[in-house]
Amino acid sequence: MVVSPPLPPSDTDVIVVGGGVNGTGVARDCSLRGLRVVLLERNDLGHGASGNSSGMIHGGPRYLSSNPSVTRMSCLDSGFIQRIAPHLLFRIPFIMPIDRGVGSGVFFTLVDAFFGAYDKFQVLKRGKPHSRLTPDETRQLEPGLTSDMIGAVSFDEWGIDGSRLCAANAIDASEHGASIHVHTTVDQVVREPKTGRACAVRWTDRCTGASGSTKAKLIVNATGAWGSITASLAGLSPMTAAMRPGKGIHVVFDRRLSNHAVAVQTIDDRQVFTEPWENVSVLGTTDTDYYGDLDDVHATSDEVRYLVQAMAHVMPSIRSARIIGTFAGVRPTLYKYGPIPDALSREHEIVDHAAHGADGLYSMIGGKLASYRLFAEEMSDVVARRLGIDAGCSTHTHPLPGGDRTLDPSAFAAAHDIDPVAARRLIYRHGSRAERVGELMLQHPVRRAMVCLCEAVSDAEIRYVVRSEFARSVDDVARRTRLGAGPCGGMRCALRCGAIVAEELGLDPRHGVDQARAFALRTARSRAVALGPLQARQEALAIAAFRAQAGLPGGRA
Amino acid sequence: MSDRTVVVVGAGVAGTSAAWAARRNGAKVHLISGGAGASALMSGALDFAGWQVAPRSGHEPALDATACALLDALGIWQVAERPVRVATMTGNLRTARGADRALLDVAALSNVRVAVPRLARPAWDADLVARGCSAEPWAKERGVRFEAVDCSPLFDDADARASDADLAALFDDASRVERIVRALRAACDRHDAVLLGPWLGLRTDGSALLREAIGRPAGETLSMLAGAAGARFETAAERVLRDAEVKRSVARATALRRSDGRFACEHDGDEGPFEADAVVMACGGLIGGGICFTPSEANAAGVMPEASSEPFAMSLKSEACLALDGRFVGRTGSLHGPNLEDYGWPSIAEARSVLERIGVRRDGVRALDREAQAVPGLFVAGSAAADARHTVLDSLAAGIEAGLAAAS
Ligand SMILES: Cc1cc2nc3c(=O)[nH]c(=O)nc-3n(C[C@H](O)[C@H](O)[C@H](O)COP(=O)(O)OP(=O)(O)OC[C@H]3O[C@@H](n4cnc5c(N)ncnc54)[C@H](O)[C@@H]3O)c2cc1C
Ligand SMILES: Cc1cc2nc3c(=O)[nH]c(=O)nc-3n(C[C@H](O)[C@H](O)[C@H](O)COP(=O)(O)OP(=O)(O)OC[C@H]3O[C@@H](n4cnc5c(N)ncnc54)[C@H](O)[C@@H]3O)c2cc1C
């Protein structure tokens, strides 16, 4: 029996196009206000920028000198996100070493004063005040920093798993009545012939090929960097939702290389960093104009080398650390040729396409993970006003799924007979909802088995994200759980995960094999561009393991 | 008969075959090896080429009498006239040229029910295996159904966390077999065959023993990484090499020096260099550690690497050179390393990754130098060779050929 996900309904209040953090955020906000919502996502939740960002909920220090009120707002909202999803946030203390050189003393004083000003807002997001460090103190904290410096500044930020944030918003929306559809792309935004009003969308399920249309009172285009394409699907000029696509890549190391994130300048005077992030360290990021296929963005070996070189400037040992992968995303930055006066004070804007003759269609342009809730609130306020709804925003007080209470990993581990580290990772991802995964574990010992050993993902968790978090493929499971994100490249877990997904969805088991193979090939490409000595050997092994068990694409008996 | 001394580097399938063949031709053989390679990790399926692709007649080399004699001596692998069909631990069926004899070959079955016992092992999900195998078109066509069945534990709780290979070793202990047989007899009495994980002994022919005891075909799935099949090969190779009186050293060879038509094999062990008339490099590819990938950016001391260099190197220096697609691989035109965009996995079944194509430049089993001249007395076999097939039977056949050539 094939358990096809239900098709989108034929009629609703609001259609949200795009399942990134902004789309899921709006879907949640509108659902909490009692509106009927349909969310359509072309790929998967968090597949775009939201699942491939630097994963920082920062307080917007960039705006400190131009417009401190933006910084204040960012810090306030960062505080809200911590309150509604405490399980998903982790502290990332930063160190910024200052190179010795001409004028560096003055620069150091400026940086120090700058973060002194930032300290005023840190309390809003439970951040610690900055401190000024001598070279010795810096090296005591991070012995790997061996460059010639006059000192360093420390400051505080927060990290988050962007894919999990999207999933959490989508689940909450769904629990408040929204209908969420992944792998379902909008092909056309239908407009009334007489008035030009946007009144429906035509969609296609990219897994099954099923298609149809859904009517709505309002349509929100939250497709990030795809936004201009989506505007064109309504017959509008892409320039009506123009943005500058800025590609950014990250390099992933096999472990946490440092205790602090380290921020450095690149050779072209940009700022990049390595941050300890979940089980790994992440080095990022680049910012280049991107005109390729947004569904298939990947890092190049050139970009990897550019980043590694910059970090080697202060932390030479980074060259002998083991890279296990890369990831890439495209920022939907506001479009501008030359500087626009208020550009510095704004990170996002809402376009009302009534101005272009398409009343009822709105585009969300720009934004950040850190300000997604605020952006979603602004968008939902517009929606509520248009639809005559009084209900205000409650997304800052109402916890996200799993964020209502904390669980004790040791107790959980003991109660479910799993490893405490595995329990900790599970609770990080799901908060109190880990209990629901736990229920599956207690049903059968096989459900406790760890399918992915690198990231401790159990059989039960895979089933849970398929049943309750809209995952439809091995790739989707990987985005929800980090399955296969470790050094082995999924060689131990992808096939078994495919078999479980196929079973849960009632698909032919060979479908599961194809999914596993597709996952392995995609991730192998992201690892190849950063290949080093150990990973090359591992890669050869993974190829052999895959050939032995399932063959590579096209090769089946 | 030869009175030559042959040094074989590497103790995987290729090295074992080369040492055995050279001994058979009367040479004195000294085998030096630095630890486990790909052979210790094999799945238990025996392919010549094109894994998972149904064998095409006429496409694959036949096994000659010498190869059959080696298969007999090892006593763990079966290569029949027709291809075998074996199951994986994640519930797929695939064909192969032959297989470890402990595996359940379902090719001969039709209209039968195969029991898959439910057992508490982290990597064993009997229901998932049964479901997957039953859904294979071949199984449906042949009326072969796989069914998960309840089964009392075959092993003690204390063994629950043992690796598959360690569990398989327990099966060699006759006192344990009794209990396993009893449990399986009860669990599978209404079925025609039994499919188990790779746990049926390293020394004993567990599959035959079970077949005898429970009166129906019984066998394993393919091994996952580092499972029973690789351990079984290592156990058998150990015995064959001992019986053939091959001298063995555990060390890593570092360089081969040639003067006056003889080789001195330098190594990191305590003894001095090993002298030989001929050398077989059976040191494996990237997995076995015979070939290393060290782009100049790796381990560089600062912002820039010291110099641009050749990205691939052999783990032992010699006159032989590495080749990729028939050409020797020189220094890259980058201070950092090669363009890595092509280093991903092949997306077409018949294609090979750079990591599989790289190897010692060769003409058959003769190793070639940078000028494409054969280095006298130097041979290469198995995964160490350029454009190798990276399969068990290819390493076996090439190892035999290289061993015979080195001895004469
Ligand atoms: C490299 C990088 C680093 C970043 N670092 C940070 C950071 O540290 N902190 C921070 O706050 N922000 C960061 N950002 C910015 C932040 O990630 C993005 O601004 C934010 O995720 C945008 O979310 P979104 O929902 O608008 O877009 P996306 O997440 O890109 O979502 C758009 C979605 O729309 C879907 N879609 C497209 N077309 C269709 C269609 N026709 N039908 C249905 N669905 C469609 C896509 O599949 C996609 O999932 C970073 C961004 C990048 C690229
Ligand atoms: C996970 C996996 C699954 C596989 N499944 C199948 C399958 O289903 N079917 C199939 O046909 N094939 C399979 N193979 C492939 C097969 O196992 C290999 O192609 C074959 O075993 C290679 O044998 P080899 O002797 O050439 O190399 P290896 O077994 O790698 O042996 C190399 C040896 O050389 C030693 N060595 C290396 N450098 C030195 C040095 N400098 N000094 C001394 N010693 C050195 C190593 O320690 C090792 O002992 C699989 C391989 C893997 C890894």
# chains A, B, ... in the order shown; residues from 1 in each chain; ligands from 1
call {"tool": "residues_around", "arguments": {"residues": "range 218-222 of chain B", "least_positions_apart": "5", "cutoff": "8 Å", "atoms": "only C-alpha atoms", "output": "list in words"}}
result
Gln549 of chain A; Ser43, Gly44, Ala45, Val86, Ala87, Thr88, Met89, Ala102, Leu103, Leu104, Asp105, Ala193, Val194, Leu195, Leu196, Gly197, Pro198, Trp199, Leu200, Gly206, Ser207, Ala208, Leu210, Arg211 and Ala229 of chain B
call {"tool": "select_by_dssp", "arguments": {"residues": "range 284-481 of chain A", "states": "strand (DSSP E or B)", "output": "ChimeraX atom specification"}}
result
/A:284,288-289,323-334,348-352,361-366,450-452,457-458
call {"tool": "residues_near_ligand", "arguments": {"ligand": "ligand 2", "cutoff": "6 Å", "atoms": "only C-alpha atoms and all ligand atoms", "output": "PyMOL selection string"}}
result
(chain A and resi 541+544-545+548) or (chain B and resi 9-15+32-39+41-48+225+251-254+282-284+287-290+315-316+382-384+390-393+395)
call {"tool": "interface_residues", "arguments": {"of": "chain B", "to": "chain A", "cutoff": "8 Å", "atoms": "only C-alpha atoms", "output": "number ranges by chain"}}
result
B: 38, 43, 45, 50-54, 88, 90-92, 94-95, 120-125, 128, 131-132, 135-136, 222, 224-225, 286-287, 289, 292-295, 297-304, 336, 339-350, 355-356
call {"tool": "residues_near_ligand", "arguments": {"ligand": "ligand 1", "cutoff": "7 Å", "atoms": "only C-alpha atoms and all ligand atoms", "output": "number ranges by chain"}}
result
A: 17-23, 40-58, 184-187, 222-227, 230, 246-250, 285-286, 295, 328-332, 364-371
call {"tool": "residues_around", "arguments": {"residues": "Asp3 in chain B", "least_positions_apart": "5", "cutoff": "7 Å", "atoms": "only C-alpha atoms", "output": "count of residues only"}}
result
3
call {"tool": "residues_around", "arguments": {"residues": "range 30-35 of chain A", "least_positions_apart": "5", "cutoff": "10 Å", "atoms": "only C-alpha atoms", "output": "PyMOL selection string"}}
result
chain A and resi 12-14+16+24-25+172-179+376-377+379-381+383-384+387+389-395+398
